[in-house]
Amino acid sequence: MIVAKHILPLKTYLAKYSGYTCLLGMLLCQPLQPLQAQRLPVIPAGADAYLKWDQWPTQRFGMRTYMRSTYDRTGGNDAADASHYLFMNGETDNVTLDVTGTGILYFFRANHWHGSPWHFITDGREHTIQETGTADPANAIRDIKASVFIPAAPFPKPLAWTWADTKGADLIWTPIPFSESLRIAYSRTHYGTGYYIYQLFANPAKLSRRIRSWDIGKAPEKELVDLISKAGQDIAPADIPTRSGTVKLHREKVTLTDIRDAAVVRALKFTIPAADAEALERIRLLVTWDDAPQPSIDAPLCLFFGAGTLHNRDHREYLVKGFPINIRFDSTTQQLTLACYYPMPFFKAAKVELAGITPGETSVNYEIRYQPQKINPAFSSYFHATYRDFPTPEPGKDLTLLDTRGMEGQTEWSGNFVGTSFIFTHNGDLGTLEGDPRFFFDDSQSPQAQGTGTEEWGGGGDYWGGRNMTLPFAGHPCGVARKDQAKDKKDLIHSAYRFLLADLMPFGRNARIQLEHGGENRSTEHYESVAYWYGLPAPTLVKTDELDIGNVNSEQQHAYHSPQASAVDTIFSRYELGPDSLNVKGGGKIEVYPAHAEDGRYTTGVSEFNIRLDPANQGALLRRTLDYSHPNQKAAVYIADSSGSKWKFAGTWYLAGANTCMFSHPPKETDKRMYNVQTSNRRFRDDEWLVPAALTKGRSSIRVRVVFEPVEQELYPGYQFPGKNAWSELRYTAYSYVVPVVKN
């Protein structure tokens, strides 16, 4: 495998590499442009984030993805993580998401119609969305056979689905852009559950499309709808080189092909006799890139292709009808086809094997289509499928489906997290579905992605209504609703999948993908998982500085100046994670997330400080550790050189809500909201802000000015947040975006 290290100073780089910037240049003996002249990849945005799906492996500079939700802030599972609101305004204005910046909302999920009419406010303009069940929620399930979104034009299938198709959830994948702000509010609060995935961009001019505020009257492009409608079909280019054949499974391990080229695998397909499917489902697929010592794909066939088992109890044509992955039974030929269309780049070699075989006379047909092309490895990444087995989950601790630190012997990885396929019970126990997904990127102690439950992550609601379903990007392909319905032990295996494309989650140095097992990590069920991700073994985010507020030496070293700041205060608290402790058999308790001390300040004025950067940076990311008891923290950010001259406005930094939220879960959908104030004991939070590259390029340090902006927001009308509206500063950490230098 290619090894990459973060960028060197330009003089050192030019002296060492003499004009070559990537391994392909060295391999082909052709000098390439010097690094300074290279252009970063343009980020596909809006419809292009789908249409340019061949760019799945491309590194994203200056882009972050976040998943926010109505989760229980105390770490429990109150009302199944529903009905927790940041704040409330009028009776029909109950806010669940409030974001400032330039970005795109790529995914919205609610349970059935609950909470609707929903208000999507983009750049101050309000759009009201509902669906057929909104008008008469008490009788909707009884009376409605096919519900639709209202208005229908912006939400066509397969970009949007209602509970009638998903068996419990309303899902929207239509891109919803905003240039300055986004807010989502619910009109009703009964079971107001939801999670949302959006992206923010530091450099809008570097996107494939200009960000314009969403027009609800405009339908998605036909080309986009047609593309996603091809889920389940062979979507890869056809007229490209192909390796195909039949291999007899007469040895424990067999090699299918070993390609020597610089190329991208566009289709990876297997065809096996349907009668042999269950016997072969646990064979492991191994794929090794560029002669690496370890395979980057190592997973059981069934789970890699999106299902916990190939047992097809009700003889469906498609067990998985996903966009990048599918499993199809052909009743005419009695053959089973497993297909994967995630693009998979490599730069020297690709070796594909099957292992864990019980030798016999069965044969497998394979087809591997690949597209030779020159790719800059620094801007690309390898495809991975990381398998994990959790036969006995640890009480109180999330399952770690992926931790890139140490993967394949490499400490740091940059790339994109693009999905999961996972078994959440082998025994038909659906209580596991209360577990929340939590994803951490690039050293953050707060999850940049926090969901409301396992079946929600898999596109369902209310446990998919006990049904199976398969959509382009989410599904529950196997498992019966009740144990007494099982005719085969494999009927009790339940699995789900979630694929990310437009809503992929980039990381610059590490990724940690976690899942609760049950509502408070109490489940003892046997889990298995595959995490799909693209990764290059080098960082695109390099930690370059840290300012510890409250530490006199650190403040002096960074020329910290905040004349209206409070005195240093020491806080003893926790981050927002799972429960603090769990009861154990015998009457005792185990502490799961112990409290710790942090010191810092808060201000209602101005803070300034210097921060170091890599001089060859392509932009920067600032992370602030803060006290979340201060609500709705907002500030204008200005950047200058280290001397503090020529200040330029960089943008607004805003974090909505606090560790105090509103919980409203009235008995009936049409009941008026309730006023339950919930304050968690979790005051610590990490929050991020992207610095535009135009303000950092060529600079080894910058001076940052943060100007507090008061936010006059009540928790609900007539009731103030208990904490003071102020800008909290416990720590600032600076990361520089860099282009990896790729070499052998």
# chains A, B, ... in the order shown; residues from 1 in each chain; ligands from 1

$ residues_around --residues "Arg699 (chain A)" --least-positions-apart "3" --cutoff "7 Å" --atoms "only C-alpha atoms" --output "ChimeraX atom specification"
/A:613,615,696,702

$ residues_around --residues "region 324-332 of chain A" --least-positions-apart "2" --cutoff "10 Å" --atoms "only C-alpha atoms" --output "PyMOL selection string"
chain A and resi 53+228+231-236+267-274+277+302+304-307+310+312+315-322+334-343+470+472-473+477+499-501

$ closest_residue --among "A:Thr288, A:Asn139, A:Thr100, A:Thr193" --to "Ala636 (chain A)" --atoms "only C-alpha atoms"
A:Thr100

$ closest_residue --among "A:Gly578, A:Gly600, A:Pro359, A:Pro631" --to "Leu249 (chain A)" --atoms "only C-alpha atoms"
A:Pro359

$ residues_around --residues "Glu91 (chain A)" --least-positions-apart "6" --cutoff "12 Å" --atoms "only C-alpha atoms" --output "list in words"
Gly115, Ala185, Tyr186, Ser187, Arg188, Thr189, Ser664, Thr670, Asp671, Lys672, Arg673, Met674, Tyr675, Tyr716 and Pro717 of chain A

$ write_last_selection --atoms "N, CA, C and O atoms" --output "PDB file, in the first residue's frame"
ATOM      1  N   GLY A 115     -44.814  15.289  14.604  1.00  0.00           N
ATOM      2  CA  GLY A 115     -44.177  16.596  14.614  1.00  0.00           C
ATOM      3  C   GLY A 115     -44.628  17.495  13.493  1.00  0.00           C
ATOM      4  O   GLY A 115     -44.462  18.718  13.565  1.00  0.00           O
ATOM      5  N   ALA A 185     -38.142  23.236  12.733  1.00  0.00           N
ATOM      6  CA  ALA A 185     -39.033  23.307  13.890  1.00  0.00           C
ATOM      7  C   ALA A 185     -40.249  22.421  13.642  1.00  0.00           C
ATOM      8  O   ALA A 185     -40.703  22.265  12.504  1.00  0.00           O
ATOM      9  N   TYR A 186     -40.773  21.845  14.728  1.00  0.00           N
ATOM     10  CA  TYR A 186     -41.949  20.980  14.662  1.00  0.00           C
ATOM     11  C   TYR A 186     -43.175  21.758  15.148  1.00  0.00           C
ATOM     12  O   TYR A 186     -43.102  22.513  16.122  1.00  0.00           O
ATOM     13  N   SER A 187     -44.312  21.521  14.492  1.00  0.00           N
ATOM     14  CA  SER A 187     -45.559  22.155  14.918  1.00  0.00           C
ATOM     15  C   SER A 187     -46.169  21.426  16.106  1.00  0.00           C
ATOM     16  O   SER A 187     -46.813  22.045  16.957  1.00  0.00           O
ATOM     17  N   ARG A 188     -45.988  20.111  16.135  1.00  0.00           N
ATOM     18  CA  ARG A 188     -46.522  19.291  17.226  1.00  0.00           C
ATOM     19  C   ARG A 188     -45.366  18.598  17.918  1.00  0.00           C
ATOM     20  O   ARG A 188     -44.342  18.310  17.297  1.00  0.00           O
ATOM     21  N   THR A 189     -45.537  18.298  19.186  1.00  0.00           N
ATOM     22  CA  THR A 189     -44.397  17.783  19.950  1.00  0.00           C
ATOM     23  C   THR A 189     -44.541  16.325  20.376  1.00  0.00           C
ATOM     24  O   THR A 189     -43.584  15.736  20.867  1.00  0.00           O
ATOM     25  N   SER A 664     -41.041  17.593  25.601  1.00  0.00           N
ATOM     26  CA  SER A 664     -42.487  17.698  25.460  1.00  0.00           C
ATOM     27  C   SER A 664     -43.005  16.483  24.710  1.00  0.00           C
ATOM     28  O   SER A 664     -42.763  16.340  23.513  1.00  0.00           O
ATOM     29  N   THR A 670     -52.359  15.666  18.763  1.00  0.00           N
ATOM     30  CA  THR A 670     -52.930  17.006  18.632  1.00  0.00           C
ATOM     31  C   THR A 670     -53.033  17.741  19.959  1.00  0.00           C
ATOM     32  O   THR A 670     -53.560  18.862  19.997  1.00  0.00           O
ATOM     33  N   ASP A 671     -52.533  17.142  21.052  1.00  0.00           N
ATOM     34  CA  ASP A 671     -52.523  17.838  22.343  1.00  0.00           C
ATOM     35  C   ASP A 671     -51.551  19.008  22.301  1.00  0.00           C
ATOM     36  O   ASP A 671     -50.554  18.990  21.566  1.00  0.00           O
ATOM     37  N   LYS A 672     -51.827  20.012  23.122  1.00  0.00           N
ATOM     38  CA  LYS A 672     -50.885  21.111  23.248  1.00  0.00           C
ATOM     39  C   LYS A 672     -49.588  20.604  23.874  1.00  0.00           C
ATOM     40  O   LYS A 672     -49.564  19.595  24.579  1.00  0.00           O
ATOM     41  N   ARG A 673     -48.528  21.333  23.602  1.00  0.00           N
ATOM     42  CA  ARG A 673     -47.220  20.911  24.092  1.00  0.00           C
ATOM     43  C   ARG A 673     -47.143  21.012  25.613  1.00  0.00           C
ATOM     44  O   ARG A 673     -47.925  21.718  26.260  1.00  0.00           O
ATOM     45  N   MET A 674     -46.175  20.306  26.159  1.00  0.00           N
ATOM     46  CA  MET A 674     -45.920  20.306  27.594  1.00  0.00           C
ATOM     47  C   MET A 674     -44.600  21.037  27.856  1.00  0.00           C
ATOM     48  O   MET A 674     -43.787  21.223  26.948  1.00  0.00           O
ATOM     49  N   TYR A 675     -44.392  21.430  29.106  1.00  0.00           N
ATOM     50  CA  TYR A 675     -43.218  22.231  29.448  1.00  0.00           C
ATOM     51  C   TYR A 675     -42.409  21.536  30.536  1.00  0.00           C
ATOM     52  O   TYR A 675     -42.532  21.829  31.722  1.00  0.00           O
ATOM     53  N   TYR A 716     -38.539  28.661  26.617  1.00  0.00           N
ATOM     54  CA  TYR A 716     -39.893  28.703  26.074  1.00  0.00           C
ATOM     55  C   TYR A 716     -40.481  30.048  26.488  1.00  0.00           C
ATOM     56  O   TYR A 716     -39.929  30.725  27.374  1.00  0.00           O
ATOM     57  N   PRO A 717     -41.540  30.500  25.867  1.00  0.00           N
ATOM     58  CA  PRO A 717     -42.031  31.852  26.137  1.00  0.00           C
ATOM     59  C   PRO A 717     -42.268  32.101  27.625  1.00  0.00           C
ATOM     60  O   PRO A 717     -43.004  31.365  28.294  1.00  0.00           O
TER      61      PRO A 717
END

$ atom_distance --atom1 "CA of Tyr628 (chain A)" --atom2 "CA of Asn89 (chain A)"
20.7 Å

$ closest_residue --among "A:Pro393, A:Gly308, A:Gly550, A:Pro57" --to "His494 (chain A)" --atoms "only C-alpha atoms"
A:Gly308

$ residues_around --residues "Ile216 (chain A)" --least-positions-apart "2" --cutoff "9 Å" --atoms "only C-alpha atoms" --output "list in words"
His127, Pro151, Ala153, Pro154, Ile176, Trp214, Lys218 and Ala219 of chain A

$ closest_residue --among "A:Glu408, A:Leu504, A:Pro372, A:Ile611" --to "Gln294 (chain A)" --atoms "only C-alpha atoms"
A:Glu408

$ residues_around --residues "Gly194 (chain A)" --least-positions-apart "2" --cutoff "7 Å" --atoms "only C-alpha atoms" --output "PyMOL selection string"
chain A and resi 69-70+109-111+192+196

$ write_last_selection --atoms "all heavy atoms" --output "tab-separated table (two decimals), in the first residue's frame"
chain	number	residue	atom	x	y	z
A	69	SER	N	-29.81	15.40	16.34
A	69	SER	CA	-31.04	14.67	16.55
A	69	SER	C	-31.73	15.10	17.83
A	69	SER	O	-31.24	15.98	18.56
A	69	SER	CB	-30.75	13.16	16.60
A	69	SER	OG	-30.04	12.83	17.78
A	70	THR	N	-32.85	14.45	18.12
A	70	THR	CA	-33.65	14.73	19.31
A	70	THR	C	-33.29	13.79	20.46
A	70	THR	O	-34.12	13.50	21.31
A	70	THR	CB	-35.14	14.58	18.98
A	70	THR	OG1	-35.37	13.26	18.48
A	70	THR	CG2	-35.58	15.59	17.93
A	109	ARG	N	-35.04	12.78	8.84
A	109	ARG	CA	-35.81	11.60	9.22
A	109	ARG	C	-36.73	11.93	10.40
A	109	ARG	O	-36.31	12.55	11.38
A	109	ARG	CB	-34.87	10.46	9.62
A	109	ARG	CG	-35.59	9.16	9.98
A	109	ARG	CD	-35.77	9.01	11.47
A	109	ARG	NE	-36.56	7.81	11.79
A	109	ARG	CZ	-37.24	7.66	12.91
A	109	ARG	NH1	-37.25	8.60	13.83
A	109	ARG	NH2	-37.92	6.55	13.13
A	110	ALA	N	-37.99	11.54	10.30
A	110	ALA	CA	-38.95	11.64	11.39
A	110	ALA	C	-39.68	10.32	11.52
A	110	ALA	O	-39.72	9.52	10.58
A	110	ALA	CB	-39.95	12.77	11.14
A	111	ASN	N	-40.23	10.07	12.70
A	111	ASN	CA	-41.03	8.87	12.89
A	111	ASN	C	-42.45	9.15	12.39
A	111	ASN	O	-43.13	10.04	12.91
A	111	ASN	CB	-41.05	8.49	14.37
A	111	ASN	CG	-41.64	7.11	14.58
A	111	ASN	OD1	-42.83	6.89	14.36
A	111	ASN	ND2	-40.82	6.18	15.00
A	192	GLY	N	-41.96	13.69	18.88
A	192	GLY	CA	-41.23	14.47	17.89
A	192	GLY	C	-39.79	14.01	17.79
A	192	GLY	O	-38.86	14.65	18.28
A	196	TYR	N	-30.93	14.42	11.54
A	196	TYR	CA	-30.68	15.22	10.34
A	196	TYR	C	-29.19	15.21	10.04
A	196	TYR	O	-28.37	15.31	10.95
A	196	TYR	CB	-31.15	16.66	10.55
A	196	TYR	CG	-32.31	16.78	11.51
A	196	TYR	CD1	-32.11	17.20	12.83
A	196	TYR	CD2	-33.60	16.42	11.14
A	196	TYR	CE1	-33.16	17.28	13.73
A	196	TYR	CE2	-34.66	16.49	12.02
A	196	TYR	CZ	-34.43	16.92	13.33
A	196	TYR	OH	-35.49	16.97	14.21

$ closest_atom_pairs --of "region 62-130 of chain A" --to "region 528-546 of chain A" --cutoff "12 Å" --atoms "only C-alpha atoms" --output "Markdown table"
| residue | atom | partner | partner_atom | distance |
| --- | --- | --- | --- | --- |
| A:Gly62 | CA | A:Leu541 | CA | 9.9 |
| A:Met63 | CA | A:Leu541 | CA | 11.6 |
| A:Arg64 | CA | A:Leu541 | CA | 11.9 |

$ closest_residue --among "A:Ile104, A:Ile141, A:Val584, A:Ala385" --to "Trp173 (chain A)" --atoms "only C-alpha atoms"
A:Ile104

$ select_by_dssp --residues "region 264-470 of chain A" --states "alpha helix (DSSP H)" --output "short mmCIF file (atom, residue, chain, number, x, y, z; two decimals) with all heavy atoms, in the first residue's frame"
data_model
loop_
_atom_site.label_atom_id
_atom_site.label_comp_id
_atom_site.auth_asym_id
_atom_site.auth_seq_id
_atom_site.Cartn_x
_atom_site.Cartn_y
_atom_site.Cartn_z
N ALA A 277 -26.52 -20.69 -1.27
CA ALA A 277 -26.30 -19.36 -0.71
C ALA A 277 -26.02 -19.39 0.79
O ALA A 277 -25.05 -18.79 1.27
CB ALA A 277 -27.51 -18.48 -1.00
N GLU A 278 -26.86 -20.09 1.55
CA GLU A 278 -26.68 -20.09 3.00
C GLU A 278 -25.40 -20.80 3.41
O GLU A 278 -24.73 -20.40 4.37
CB GLU A 278 -27.89 -20.73 3.68
CG GLU A 278 -29.16 -19.90 3.52
CD GLU A 278 -30.34 -20.53 4.21
OE1 GLU A 278 -30.20 -20.90 5.41
OE2 GLU A 278 -31.41 -20.66 3.58
N ALA A 279 -25.03 -21.82 2.68
CA ALA A 279 -23.81 -22.56 3.02
C ALA A 279 -22.56 -21.72 2.78
O ALA A 279 -21.53 -21.91 3.43
CB ALA A 279 -23.74 -23.85 2.21
N LEU A 280 -22.64 -20.77 1.83
CA LEU A 280 -21.47 -19.97 1.45
C LEU A 280 -21.46 -18.57 2.07
O LEU A 280 -20.50 -17.83 1.88
CB LEU A 280 -21.41 -19.84 -0.08
CG LEU A 280 -21.36 -21.13 -0.89
CD1 LEU A 280 -21.34 -20.82 -2.37
CD2 LEU A 280 -20.14 -21.96 -0.49
N LEU A 301 -19.19 -12.65 3.28
CA LEU A 301 -19.89 -12.26 2.06
C LEU A 301 -21.25 -11.64 2.34
O LEU A 301 -21.60 -10.59 1.80
CB LEU A 301 -20.06 -13.46 1.13
CG LEU A 301 -18.88 -13.87 0.25
CD1 LEU A 301 -19.26 -15.09 -0.57
CD2 LEU A 301 -18.46 -12.73 -0.67
N CYS A 302 -22.05 -12.28 3.19
CA CYS A 302 -23.41 -11.80 3.40
C CYS A 302 -23.41 -10.39 3.97
O CYS A 302 -24.13 -9.51 3.47
CB CYS A 302 -24.20 -12.75 4.29
SG CYS A 302 -23.51 -13.00 5.95
N LEU A 303 -22.59 -10.15 4.98
CA LEU A 303 -22.62 -8.85 5.65
C LEU A 303 -21.97 -7.78 4.78
O LEU A 303 -22.41 -6.62 4.77
CB LEU A 303 -21.92 -8.95 7.01
CG LEU A 303 -22.37 -7.97 8.09
CD1 LEU A 303 -23.88 -8.00 8.27
CD2 LEU A 303 -21.67 -8.26 9.40
N PHE A 304 -20.93 -8.14 4.03
CA PHE A 304 -20.32 -7.17 3.13
C PHE A 304 -21.34 -6.68 2.11
O PHE A 304 -21.39 -5.50 1.77
CB PHE A 304 -19.12 -7.77 2.40
CG PHE A 304 -18.53 -6.85 1.36
CD1 PHE A 304 -17.62 -5.87 1.72
CD2 PHE A 304 -18.90 -6.94 0.02
CE1 PHE A 304 -17.10 -5.00 0.76
CE2 PHE A 304 -18.38 -6.08 -0.94
CZ PHE A 304 -17.48 -5.11 -0.57
N THR A 454 -31.09 2.64 16.64
CA THR A 454 -30.50 1.76 15.65
C THR A 454 -31.38 1.61 14.42
O THR A 454 -30.91 1.66 13.29
CB THR A 454 -30.22 0.39 16.28
OG1 THR A 454 -29.33 0.56 17.39
CG2 THR A 454 -29.58 -0.56 15.28
N GLU A 455 -32.70 1.42 14.62
CA GLU A 455 -33.54 1.26 13.43
C GLU A 455 -33.69 2.59 12.70
O GLU A 455 -33.87 2.61 11.47
CB GLU A 455 -34.90 0.64 13.77
CG GLU A 455 -36.00 1.61 14.14
CD GLU A 455 -35.99 1.96 15.63
OE1 GLU A 455 -34.96 1.76 16.30
OE2 GLU A 455 -37.02 2.42 16.13
N GLU A 456 -33.60 3.72 13.43
CA GLU A 456 -33.63 5.01 12.74
C GLU A 456 -32.44 5.15 11.81
O GLU A 456 -32.57 5.62 10.68
CB GLU A 456 -33.62 6.16 13.76
CG GLU A 456 -34.92 6.33 14.53
CD GLU A 456 -34.93 5.61 15.86
OE1 GLU A 456 -34.26 4.56 15.96
OE2 GLU A 456 -35.60 6.06 16.78
N TRP A 457 -31.26 4.73 12.29
CA TRP A 457 -30.06 4.77 11.45
C TRP A 457 -30.27 3.90 10.21
O TRP A 457 -29.81 4.22 9.12
CB TRP A 457 -28.86 4.31 12.26
CG TRP A 457 -27.58 4.15 11.50
CD1 TRP A 457 -26.87 3.00 11.30
CD2 TRP A 457 -26.83 5.17 10.83
NE1 TRP A 457 -25.74 3.23 10.56
CE2 TRP A 457 -25.69 4.57 10.25
CE3 TRP A 457 -27.02 6.54 10.65
CZ2 TRP A 457 -24.75 5.29 9.51
CZ3 TRP A 457 -26.08 7.26 9.92
CH2 TRP A 457 -24.95 6.63 9.36
#

$ select_by_dssp --residues "region 181-314 of chain A" --states "strand (DSSP E or B)" --output "PyMOL selection string"
chain A and resi 181-186+194-201+207+242-248+254-260+263-273+284-289+297-300

$ closest_residue --among "A:Ser642, A:Gln556, A:Ser573, A:Ser381" --to "Gln55 (chain A)" --atoms "only C-alpha atoms"
A:Ser381

$ atom_distance --atom1 "CA of Val265 (chain A)" --atom2 "CA of His476 (chain A)"
27.1 Å

$ atom_distance --atom1 "CA of Glu591 (chain A)" --atom2 "CA of Arg682 (chain A)"
14.7 Å

$ residues_around --residues "region 40-49 of chain A" --least-positions-apart "6" --cutoff "10 Å" --atoms "only C-alpha atoms" --output "PyMOL selection string"
chain A and resi 55-56+58-63+103-106+174-177+199+201+203-212+220-221+223-225+378-380+501-504+618+739
